[in-house]
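Student: Structure supplied as target.txt; contents: compact mmCIF, C-alpha atoms.
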```txt
# COMPACT_ATOMS: atom_id res chain seq x y z
CA MET A 202 -18.67 0.29 26.58
CA THR A 203 -17.52 -2.08 29.29
CA ILE A 204 -18.93 -5.19 30.87
CA THR A 205 -19.75 -3.07 33.97
CA ARG A 206 -23.14 -2.34 32.46
CA PHE A 207 -23.99 -6.02 32.93
CA MET A 208 -22.93 -6.10 36.59
CA THR A 209 -25.32 -6.39 39.55
CA ASN A 210 -24.61 -6.25 43.27
CA THR A 211 -20.87 -5.80 42.72
CA ASP A 212 -18.76 -3.06 44.28
CA ASN A 213 -15.64 -1.71 42.61
CA ARG A 214 -12.62 -2.33 44.83
CA PRO A 215 -9.10 -1.10 44.21
CA VAL A 216 -6.61 -3.45 42.61
CA THR A 217 -3.53 -4.28 44.62
CA SER A 218 -0.67 -6.44 43.48
CA THR A 219 2.30 -8.48 44.56
CA SER A 220 5.12 -8.37 42.04
CA SER A 221 6.95 -11.39 43.44
CA ALA A 222 4.01 -13.68 42.70
CA ARG A 223 2.96 -11.65 39.67
CA ILE A 224 -0.62 -11.67 40.84
CA SER A 225 -3.03 -8.77 40.54
CA TYR A 226 -5.84 -9.01 43.06
CA PHE A 227 -9.34 -7.87 42.20
CA ALA A 228 -10.25 -8.30 45.87
CA THR A 229 -8.19 -7.95 49.03
CA PRO A 230 -6.20 -11.09 49.98
CA SER A 231 -8.38 -11.66 53.04
CA GLU A 232 -11.37 -12.12 50.76
CA LEU A 233 -9.74 -14.81 48.65
CA GLN A 234 -10.64 -18.45 48.65
CA GLU A 235 -9.94 -20.93 51.41
CA PRO A 236 -6.55 -22.72 51.48
CA LEU A 237 -5.77 -24.60 48.29
CA PHE A 238 -6.89 -28.15 47.85
CA ASP A 239 -3.82 -30.35 48.33
CA SER A 240 -3.57 -32.40 45.14
CA THR A 241 -0.09 -33.76 45.82
CA ASP A 242 0.30 -37.33 44.56
CA MET A 243 -3.32 -37.44 43.39
CA SER A 244 -4.25 -38.89 40.02
CA ARG A 245 -5.62 -36.68 37.27
CA ASP A 246 -8.98 -38.43 37.48
CA ASN A 247 -9.28 -37.80 41.23
CA ILE A 248 -8.34 -34.13 40.81
CA ARG A 249 -10.90 -33.74 38.04
CA ARG A 250 -13.56 -35.41 40.16
CA HIS A 251 -12.89 -33.14 43.13
CA VAL A 252 -12.76 -29.87 41.17
CA ARG A 253 -15.83 -30.63 39.07
CA GLN A 254 -17.74 -31.39 42.25
CA GLU A 255 -16.58 -28.10 43.80
CA ARG A 256 -17.56 -25.88 40.91
CA ASN A 257 -20.87 -27.66 40.36
CA SER A 258 -21.72 -27.14 44.02
CA LEU A 259 -21.93 -23.38 43.43
CA SER A 260 -25.49 -22.12 43.40
CA THR A 261 -27.05 -20.65 40.28
CA GLU A 262 -26.81 -17.18 41.82
CA GLU A 263 -23.16 -17.68 42.74
CA GLN A 264 -22.36 -18.97 39.25
CA SER A 265 -24.04 -15.94 37.69
CA GLN A 266 -22.37 -13.34 39.89
CA LEU A 267 -18.89 -14.89 39.66
CA ALA A 268 -19.16 -15.16 35.89
CA LEU A 269 -20.15 -11.49 35.62
CA ILE A 270 -17.24 -10.38 37.78
CA ALA A 271 -14.71 -12.55 35.95
CA SER A 272 -16.08 -11.45 32.57
CA ARG A 273 -15.47 -7.81 33.46
CA HIS A 274 -11.83 -8.62 34.19
CA MET A 275 -11.50 -10.69 31.04
CA LEU A 276 -12.91 -7.88 28.93
CA ALA A 277 -10.32 -5.53 30.44
CA GLU A 278 -7.60 -8.03 29.45
CA ILE A 279 -8.92 -8.25 25.91
CA GLN A 280 -9.01 -4.47 25.58
CA ALA A 281 -5.52 -4.10 27.09
CA GLN A 282 -4.22 -6.52 24.44
CA SER A 283 -6.13 -4.70 21.66
CA ALA A 284 -7.41 -8.11 20.60
CA GLN A 285 -9.78 -8.13 17.63
CA HIS A 286 -10.04 -11.89 17.01
CA VAL A 287 -10.90 -13.76 20.20
CA ALA A 288 -11.68 -17.45 20.66
CA VAL A 289 -14.06 -18.16 23.52
CA TYR A 290 -15.98 -21.25 24.65
CA LEU A 291 -19.58 -21.95 25.56
CA THR A 292 -20.14 -22.97 29.16
CA HIS A 293 -20.39 -26.65 30.06
CA ASP A 294 -20.26 -28.61 33.31
CA GLY A 295 -20.07 -25.68 35.73
CA GLU A 296 -17.43 -23.66 33.85
CA LEU A 297 -17.45 -19.88 34.19
CA ALA A 298 -20.23 -18.64 31.93
CA THR A 299 -19.13 -16.62 28.91
CA GLN A 300 -22.34 -15.38 27.26
CA LYS A 301 -22.26 -11.90 28.84
CA LEU A 302 -18.64 -11.56 27.76
CA ILE A 303 -19.56 -12.65 24.24
CA ASP A 304 -22.41 -10.12 24.17
CA ALA A 305 -19.99 -7.36 25.17
CA LEU A 306 -17.48 -8.40 22.51
CA TRP A 307 -20.19 -8.31 19.86
CA GLU A 308 -21.18 -4.80 20.93
CA LEU A 309 -17.53 -3.74 20.61
CA ASN A 310 -17.34 -5.27 17.12
CA ILE A 311 -14.66 -7.70 18.28
CA ASN A 312 -14.74 -10.94 16.29
CA VAL A 313 -15.72 -13.98 18.36
CA TYR A 314 -14.80 -17.58 17.51
CA LEU A 315 -15.83 -20.88 19.07
CA PRO A 316 -14.03 -24.23 19.02
CA LEU A 317 -15.37 -26.96 16.80
CA ILE A 318 -14.18 -30.55 16.90
CA HIS A 319 -12.23 -31.11 13.70
CA PRO A 320 -14.26 -33.43 11.44
CA PHE A 321 -11.21 -35.04 9.80
CA CYS A 322 -8.23 -34.58 12.15
CA LYS A 323 -8.96 -36.57 15.30
CA GLY A 324 -8.27 -34.81 18.59
CA HIS A 325 -7.92 -31.35 17.04
CA LEU A 326 -10.04 -28.21 17.07
CA LEU A 327 -11.08 -25.74 14.43
CA PHE A 328 -12.10 -22.21 15.39
CA VAL A 329 -15.18 -20.86 13.64
CA ARG A 330 -16.63 -17.37 13.72
CA TYR A 331 -19.62 -17.05 16.05
CA ASP A 332 -22.29 -14.43 15.38
CA ARG A 333 -25.76 -13.80 16.75
CA ASP A 334 -27.29 -15.64 13.82
CA SER A 335 -24.84 -18.58 13.69
CA VAL A 336 -26.46 -21.97 13.14
CA MET A 337 -25.54 -24.18 16.10
CA VAL A 338 -25.30 -27.96 16.39
CA LYS A 339 -24.42 -30.33 19.24
CA ASN A 340 -21.12 -32.17 19.14
CA GLN A 341 -20.38 -35.66 20.48
CA TYR A 342 -20.09 -34.28 24.04
CA GLY A 343 -23.43 -32.47 23.90
CA ILE A 344 -21.74 -29.04 23.62
CA SER A 345 -23.09 -26.50 21.13
CA GLU A 346 -20.76 -25.41 18.37
CA PRO A 347 -21.28 -23.48 15.11
CA LYS A 348 -22.20 -25.50 12.05
CA LEU A 349 -19.03 -25.83 9.98
CA ASN A 350 -18.64 -23.18 7.29
CA VAL A 351 -15.14 -23.12 5.82
CA GLN A 352 -15.53 -19.42 5.03
CA HIS A 353 -15.80 -18.71 8.76
CA VAL A 354 -12.78 -20.76 9.89
CA ILE A 355 -9.76 -18.91 11.29
CA THR A 356 -6.31 -20.40 11.86
CA VAL A 357 -4.76 -20.41 15.31
CA GLU A 358 -2.02 -17.98 14.25
CA GLN A 359 -4.65 -15.50 13.04
CA LEU A 360 -6.26 -15.32 16.47
CA ASP A 361 -5.20 -12.63 18.94
CA MET A 362 -6.40 -14.47 22.05
CA ILE A 363 -7.69 -17.89 23.04
CA ILE A 364 -9.81 -17.90 26.20
CA THR A 365 -9.18 -21.39 27.47
CA PRO A 366 -11.51 -23.49 29.62
CA MET A 367 -10.07 -25.99 32.07
CA VAL A 368 -10.91 -28.22 34.97
CA ALA A 369 -7.99 -27.36 37.27
CA PHE A 370 -4.91 -25.14 37.39
CA ASP A 371 -2.01 -24.33 39.70
CA LYS A 372 0.10 -21.26 40.47
CA HIS A 373 2.60 -22.21 37.75
CA GLY A 374 -0.02 -21.87 35.03
CA ASN A 375 -0.35 -25.62 34.52
CA ARG A 376 -3.85 -26.55 33.40
CA MET A 377 -5.84 -29.74 33.34
CA GLY A 378 -8.65 -30.26 30.85
CA MET A 379 -11.20 -33.00 30.54
CA GLY A 380 -8.62 -35.41 29.16
CA GLY A 381 -9.27 -35.24 25.43
CA GLY A 382 -6.15 -33.19 24.71
CA TYR A 383 -7.95 -30.81 22.33
CA TYR A 384 -6.59 -27.62 23.86
CA ASP A 385 -3.17 -29.19 24.47
CA ARG A 386 -2.83 -29.69 20.72
CA THR A 387 -4.10 -26.16 20.09
CA LEU A 388 -1.72 -24.54 22.58
CA ALA A 389 1.19 -26.42 21.02
CA GLN A 390 0.65 -24.23 17.94
CA VAL A 391 1.14 -20.97 19.87
CA VAL A 392 4.43 -19.19 19.11
CA ASN A 393 5.73 -16.34 21.29
CA ASN A 394 2.31 -15.89 22.90
CA LYS A 395 0.62 -15.30 19.55
CA PRO A 396 -2.19 -15.83 20.12
CA LEU A 397 -2.21 -15.12 23.85
CA ALA A 398 -3.76 -18.06 25.72
CA VAL A 399 -5.69 -16.91 28.78
CA GLY A 400 -7.21 -19.35 31.24
CA PHE A 401 -10.66 -18.57 32.64
CA ALA A 402 -11.75 -20.37 35.79
CA HIS A 403 -13.41 -20.25 39.18
CA ASP A 404 -11.07 -19.75 42.14
CA CYS A 405 -12.15 -23.15 43.48
CA GLN A 406 -10.50 -24.75 40.45
CA GLU A 407 -7.02 -23.95 41.70
CA VAL A 408 -5.15 -26.85 43.30
CA SER A 409 -1.72 -27.07 44.88
CA GLN A 410 -0.20 -29.03 41.99
CA VAL A 411 -1.34 -30.16 38.56
CA PRO A 412 0.44 -33.30 37.28
CA THR A 413 2.25 -32.48 34.04
CA ASP A 414 3.58 -34.33 31.03
CA PHE A 415 6.21 -33.20 28.53
CA TRP A 416 3.57 -32.02 26.04
CA ASP A 417 1.73 -29.77 28.53
CA VAL A 418 1.93 -26.03 27.79
CA PRO A 419 1.51 -23.68 30.80
CA LEU A 420 -0.83 -20.75 30.38
CA PRO A 421 0.86 -17.32 30.56
CA VAL A 422 -2.23 -15.68 32.09
CA ILE A 423 -5.13 -17.01 34.16
CA ILE A 424 -8.10 -14.88 35.20
CA THR A 425 -10.51 -15.78 37.98
CA PRO A 426 -13.18 -13.67 39.69
CA THR A 427 -10.58 -12.48 42.23
CA ARG A 428 -7.20 -12.48 40.47
CA ARG A 429 -5.08 -12.14 37.40
CA LEU A 430 -2.21 -14.66 37.58
CA ALA A 431 0.65 -13.99 35.15
CA ILE A 432 3.30 -16.63 34.74
```
Can you turn what I pasted into structure tokens?
Tutor:
Amino acid sequence: MTITRFMTNTDNRPVTSTSSARISYFATPSELQEPLFDSTDMSRDNIRRHVRQERNSLSTEEQSQLALIASRHMLAEIQAQSAQHVAVYLTHDGELATQKLIDALWELNINVYLPLIHPFCKGHLLFVRYDRDSVMVKNQYGISEPKLNVQHVITVEQLDMIITPMVAFDKHGNRMGMGGGYYDRTLAQVVNNKPLAVGFAHDCQEVSQVPTDFWDVPLPVIITPTRRLAI
């Protein structure tokens, strides 16, 4: 089973690639996004403001179609990695929707986990198994997360893949989140790409340059509706 069964109004185009940039295109280069937003010398807050406005300006239909296309590519990545324990996120603030991907993973009997704000360790995440019958609660940001059950918690090193949300990214794999540092602290625990951290974003979230600090961890792979960027 593949995510293709969930697709509508999408044609299958051949994949081409450019080894120098290590980018696999899911569409021809001429169909890619407009020139990158020039974020040089911009503050993190201004970049966040711009990108959030861009992705929230997408219509409901555009959001749905782009999420379906990107989810198909993400499922292919998961299967190529033979991942059996995958951390995902639930959509918030215009992020690429993940529910169709989650549905496909459930059908494939791949274990799905969601982030949960750690109740005792400030600024950190726990990852908790997510099933169809999971009891959900709202966290302090209004995002749904599974009700904490210690029997369903998995450690970062036990995961095979972390599908990582973000606000902005650049061609070097640098990512920018909402500013809480939750995923920064999680990615700092990754050793030798175990688990593999894969960014998931709209094409409009790419900017020319993401400001970085010494603690920032670049993502080795980013998937958008049109491309797979490997760093």
Student: Between A:Leu276, A:Val336, A:Val351, A:Leu360, which one has atoms that come closest to A:Asn312, using only C-alpha atoms?
Tutor: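 Looking at the shortest contact to A:Asn312, the residue is A:Leu360.
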Student: Give the answer as one residue: which of A:Glu278, A:Ser272, A:Arg333, A:Val357 has the shortest atom-to-atom distance to A:Ala431, using only C-alpha atoms?
Tutor: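 When distances to A:Ala431 are compared using only C-alpha atoms, the smallest one comes from A:Glu278.
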Student: Rank A:Arg245, A:His293, A:Arg253, A:Arg273 by their smallest atom-to-atom distance to A:Ser345, using all atoms listed in the file, and report the top residue only.
Tutor: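 Of A:Arg245, A:His293, A:Arg253, A:Arg273, the one nearest A:Ser345 is A:His293, counting all atoms listed in the file.
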Student: Taking all atoms listed in the file into account, which of A:Glu358, A:Tyr290, A:Phe321, A:Asp332 comes nearest A:Val399?
Tutor: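 Checking each of A:Glu358, A:Tyr290, A:Phe321, A:Asp332 against A:Val399, counting all atoms listed in the file, the winner is A:Tyr290.
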Student: What does the structure give for the distance between atom CA of A:Gln352 and atom CA of A:Ala298, in Å to one decimal?
Tutor: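 For atom CA of A:Gln352 relative to atom CA of A:Ala298, the distance reads 27.3 Å.
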Student: From the set A:Arg223, A:His251, A:Lys301, A:His286, which residue has the shortest atom-to-atom contact distance to A:Ile364, counting all atoms listed in the file?
Tutor: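 Counting all atoms listed in the file, the residue closest to A:Ile364 is A:His286.
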Student: Have a look at atom CA of A:Gln285 and atom CA of A:Ile311 and let me know their distance in Å, one decimal.
Tutor: 4.9 Å
Student: Any idea what's packed within 10 Å of A:Ile248, counting only C-alpha atoms, ignoring anything in its chain fewer than 2 positions away? Could you give it as a list in words?
Tutor: Phe238, Asp239, Ser240, Thr241, Asp242, Met243, Ser244, Arg245, Asp246, Arg250, His251, Val252, Arg253, Gln254, Val368, Ala369, Met377, Gln406, Val408, Gln410, Val411 and Pro412 of chain A
Student: Can you work out which one of A:Leu326, A:Arg256, A:Asp294, A:Leu306 has the shortest atom-to-atom distance to A:Met275, counting all atoms listed in the file?
Tutor: A:Leu306
Student: Given only C-alpha atoms, how would the per-residue table for stretch 374-419 of chain A near stretch 261-268 of chain A read, listing every residue at most 12 Å away with its closest atom pair and distance in Å to one decimal, sorted by chain and number, as a tab-separated table?
Tutor:
```
residue	atom	partner	partner_atom	distance
A:Phe401	CA	A:Ala268	CA	9.7
A:Ala402	CA	A:Ala268	CA	9.1
A:His403	CA	A:Leu267	CA	7.7
A:Asp404	CA	A:Leu267	CA	9.5
A:Cys405	CA	A:Leu267	CA	11.3
```
Student: If I take atom CA of A:Asn375 and atom CA of A:Asp417, how far is one from the other in Å, to one decimal?
Tutor: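 These two atoms are separated by 7.6 Å.
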Student: Neighbourhood query: residues within 8 Å of (-10.6, -21.9, 9.6), file coordinates, counting all atoms listed in the file; return as a list of chain:residue names.
Tutor: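 The requested residues, written out, are A:Leu327, A:Phe328, A:Val329, A:Val351, A:Gln352, A:His353, A:Val354, A:Ile355, A:Thr356.
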Student: Edge lengths and centre in Å to one decimal, as AutoDock Vina command-line options, of the axis-aligned box that encloses all listed atoms of stretch 312-315 of chain A with 6 Å added on every side?
Tutor:
```
--center_x -15.3 --center_y -15.9 --center_z 17.7 --size_x 13.1 --size_y 21.9 --size_z 14.8
```
Student: If you count only C-alpha atoms, which residues fall within 12 Å of A:Arg429, apart from same-chain ones fewer than 2 positions away, as a VMD selection string?
Tutor: chain A and resid 216 to 220 222 to 228 271 273 to 275 277 to 278 372 374 399 to 404 420 to 427 431 to 432
Student: Would you mind writing stretch 294-327 of chain A with N, CA and C atoms, as a PDB file, in the frame of the given file?
Tutor:
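Done, and the output landed in rebuild34.pdb:
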```
ATOM      1  N   ASP A 294     -20.701 -27.914  32.105  1.00  0.00           N
ATOM      2  CA  ASP A 294     -20.260 -28.610  33.310  1.00  0.00           C
ATOM      3  C   ASP A 294     -19.731 -27.662  34.392  1.00  0.00           C
ATOM      4  N   GLY A 295     -20.429 -26.557  34.622  1.00  0.00           N
ATOM      5  CA  GLY A 295     -20.070 -25.680  35.730  1.00  0.00           C
ATOM      6  C   GLY A 295     -18.944 -24.698  35.442  1.00  0.00           C
ATOM      7  N   GLU A 296     -18.471 -24.620  34.198  1.00  0.00           N
ATOM      8  CA  GLU A 296     -17.430 -23.660  33.850  1.00  0.00           C
ATOM      9  C   GLU A 296     -17.959 -22.237  34.008  1.00  0.00           C
ATOM     10  N   LEU A 297     -17.044 -21.275  34.157  1.00  0.00           N
ATOM     11  CA  LEU A 297     -17.450 -19.880  34.190  1.00  0.00           C
ATOM     12  C   LEU A 297     -18.232 -19.554  32.913  1.00  0.00           C
ATOM     13  N   ALA A 298     -19.403 -18.973  33.077  1.00  0.00           N
ATOM     14  CA  ALA A 298     -20.230 -18.640  31.930  1.00  0.00           C
ATOM     15  C   ALA A 298     -19.599 -17.520  31.113  1.00  0.00           C
ATOM     16  N   THR A 299     -19.770 -17.578  29.807  1.00  0.00           N
ATOM     17  CA  THR A 299     -19.130 -16.620  28.910  1.00  0.00           C
ATOM     18  C   THR A 299     -20.112 -15.792  28.079  1.00  0.00           C
ATOM     19  N   GLN A 300     -21.418 -16.035  28.182  1.00  0.00           N
ATOM     20  CA  GLN A 300     -22.340 -15.380  27.260  1.00  0.00           C
ATOM     21  C   GLN A 300     -22.349 -13.864  27.423  1.00  0.00           C
ATOM     22  N   LYS A 301     -22.291 -13.351  28.655  1.00  0.00           N
ATOM     23  CA  LYS A 301     -22.260 -11.900  28.840  1.00  0.00           C
ATOM     24  C   LYS A 301     -20.993 -11.305  28.242  1.00  0.00           C
ATOM     25  N   LEU A 302     -19.885 -12.010  28.376  1.00  0.00           N
ATOM     26  CA  LEU A 302     -18.640 -11.560  27.760  1.00  0.00           C
ATOM     27  C   LEU A 302     -18.782 -11.540  26.247  1.00  0.00           C
ATOM     28  N   ILE A 303     -19.352 -12.585  25.688  1.00  0.00           N
ATOM     29  CA  ILE A 303     -19.560 -12.650  24.240  1.00  0.00           C
ATOM     30  C   ILE A 303     -20.451 -11.501  23.778  1.00  0.00           C
ATOM     31  N   ASP A 304     -21.520 -11.231  24.521  1.00  0.00           N
ATOM     32  CA  ASP A 304     -22.410 -10.120  24.170  1.00  0.00           C
ATOM     33  C   ASP A 304     -21.644  -8.800  24.130  1.00  0.00           C
ATOM     34  N   ALA A 305     -20.775  -8.593  25.124  1.00  0.00           N
ATOM     35  CA  ALA A 305     -19.990  -7.360  25.170  1.00  0.00           C
ATOM     36  C   ALA A 305     -19.026  -7.271  24.001  1.00  0.00           C
ATOM     37  N   LEU A 306     -18.408  -8.395  23.639  1.00  0.00           N
ATOM     38  CA  LEU A 306     -17.480  -8.400  22.510  1.00  0.00           C
ATOM     39  C   LEU A 306     -18.221  -8.079  21.208  1.00  0.00           C
ATOM     40  N   TRP A 307     -19.403  -8.629  21.050  1.00  0.00           N
ATOM     41  CA  TRP A 307     -20.190  -8.310  19.860  1.00  0.00           C
ATOM     42  C   TRP A 307     -20.489  -6.815  19.788  1.00  0.00           C
ATOM     43  N   GLU A 308     -20.860  -6.225  20.914  1.00  0.00           N
ATOM     44  CA  GLU A 308     -21.180  -4.800  20.930  1.00  0.00           C
ATOM     45  C   GLU A 308     -19.956  -3.948  20.593  1.00  0.00           C
ATOM     46  N   LEU A 309     -18.772  -4.460  20.911  1.00  0.00           N
ATOM     47  CA  LEU A 309     -17.530  -3.740  20.610  1.00  0.00           C
ATOM     48  C   LEU A 309     -16.999  -4.070  19.218  1.00  0.00           C
ATOM     49  N   ASN A 310     -17.758  -4.855  18.466  1.00  0.00           N
ATOM     50  CA  ASN A 310     -17.340  -5.270  17.120  1.00  0.00           C
ATOM     51  C   ASN A 310     -16.023  -6.050  17.128  1.00  0.00           C
ATOM     52  N   ILE A 311     -15.798  -6.796  18.209  1.00  0.00           N
ATOM     53  CA  ILE A 311     -14.660  -7.700  18.280  1.00  0.00           C
ATOM     54  C   ILE A 311     -15.121  -9.072  17.778  1.00  0.00           C
ATOM     55  N   ASN A 312     -14.362  -9.664  16.890  1.00  0.00           N
ATOM     56  CA  ASN A 312     -14.740 -10.940  16.290  1.00  0.00           C
ATOM     57  C   ASN A 312     -14.609 -12.077  17.289  1.00  0.00           C
ATOM     58  N   VAL A 313     -15.655 -12.875  17.400  1.00  0.00           N
ATOM     59  CA  VAL A 313     -15.720 -13.980  18.360  1.00  0.00           C
ATOM     60  C   VAL A 313     -15.696 -15.305  17.603  1.00  0.00           C
ATOM     61  N   TYR A 314     -14.921 -16.252  18.125  1.00  0.00           N
ATOM     62  CA  TYR A 314     -14.800 -17.580  17.510  1.00  0.00           C
ATOM     63  C   TYR A 314     -15.025 -18.640  18.574  1.00  0.00           C
ATOM     64  N   LEU A 315     -15.616 -19.749  18.168  1.00  0.00           N
ATOM     65  CA  LEU A 315     -15.830 -20.880  19.070  1.00  0.00           C
ATOM     66  C   LEU A 315     -15.094 -22.102  18.544  1.00  0.00           C
ATOM     67  N   PRO A 316     -14.684 -22.985  19.460  1.00  0.00           N
ATOM     68  CA  PRO A 316     -14.030 -24.230  19.020  1.00  0.00           C
ATOM     69  C   PRO A 316     -15.038 -25.192  18.422  1.00  0.00           C
ATOM     70  N   LEU A 317     -14.575 -25.928  17.457  1.00  0.00           N
ATOM     71  CA  LEU A 317     -15.370 -26.960  16.800  1.00  0.00           C
ATOM     72  C   LEU A 317     -14.478 -28.176  16.641  1.00  0.00           C
ATOM     73  N   ILE A 318     -14.977 -29.328  17.032  1.00  0.00           N
ATOM     74  CA  ILE A 318     -14.180 -30.550  16.900  1.00  0.00           C
ATOM     75  C   ILE A 318     -13.910 -30.809  15.429  1.00  0.00           C
ATOM     76  N   HIS A 319     -12.641 -30.938  15.097  1.00  0.00           N
ATOM     77  CA  HIS A 319     -12.230 -31.110  13.700  1.00  0.00           C
ATOM     78  C   HIS A 319     -12.870 -32.373  13.120  1.00  0.00           C
ATOM     79  N   PRO A 320     -13.560 -32.250  11.979  1.00  0.00           N
ATOM     80  CA  PRO A 320     -14.260 -33.430  11.440  1.00  0.00           C
ATOM     81  C   PRO A 320     -13.347 -34.473  10.812  1.00  0.00           C
ATOM     82  N   PHE A 321     -12.101 -34.107  10.497  1.00  0.00           N
ATOM     83  CA  PHE A 321     -11.210 -35.040   9.800  1.00  0.00           C
ATOM     84  C   PHE A 321      -9.927 -35.346  10.571  1.00  0.00           C
ATOM     85  N   CYS A 322      -9.487 -34.419  11.414  1.00  0.00           N
ATOM     86  CA  CYS A 322      -8.230 -34.580  12.150  1.00  0.00           C
ATOM     87  C   CYS A 322      -8.546 -34.877  13.612  1.00  0.00           C
ATOM     88  N   LYS A 323      -8.521 -36.128  13.973  1.00  0.00           N
ATOM     89  CA  LYS A 323      -8.960 -36.570  15.300  1.00  0.00           C
ATOM     90  C   LYS A 323      -8.171 -35.893  16.412  1.00  0.00           C
ATOM     91  N   GLY A 324      -8.909 -35.412  17.419  1.00  0.00           N
ATOM     92  CA  GLY A 324      -8.270 -34.810  18.590  1.00  0.00           C
ATOM     93  C   GLY A 324      -7.911 -33.352  18.429  1.00  0.00           C
ATOM     94  N   HIS A 325      -8.261 -32.745  17.297  1.00  0.00           N
ATOM     95  CA  HIS A 325      -7.920 -31.350  17.040  1.00  0.00           C
ATOM     96  C   HIS A 325      -9.172 -30.490  16.972  1.00  0.00           C
ATOM     97  N   LEU A 326      -8.955 -29.183  17.124  1.00  0.00           N
ATOM     98  CA  LEU A 326     -10.040 -28.210  17.070  1.00  0.00           C
ATOM     99  C   LEU A 326      -9.888 -27.308  15.856  1.00  0.00           C
ATOM    100  N   LEU A 327     -11.022 -26.869  15.332  1.00  0.00           N
ATOM    101  CA  LEU A 327     -11.080 -25.740  14.430  1.00  0.00           C
ATOM    102  C   LEU A 327     -11.725 -24.581  15.198  1.00  0.00           C
TER     103      LEU A 327
END
```
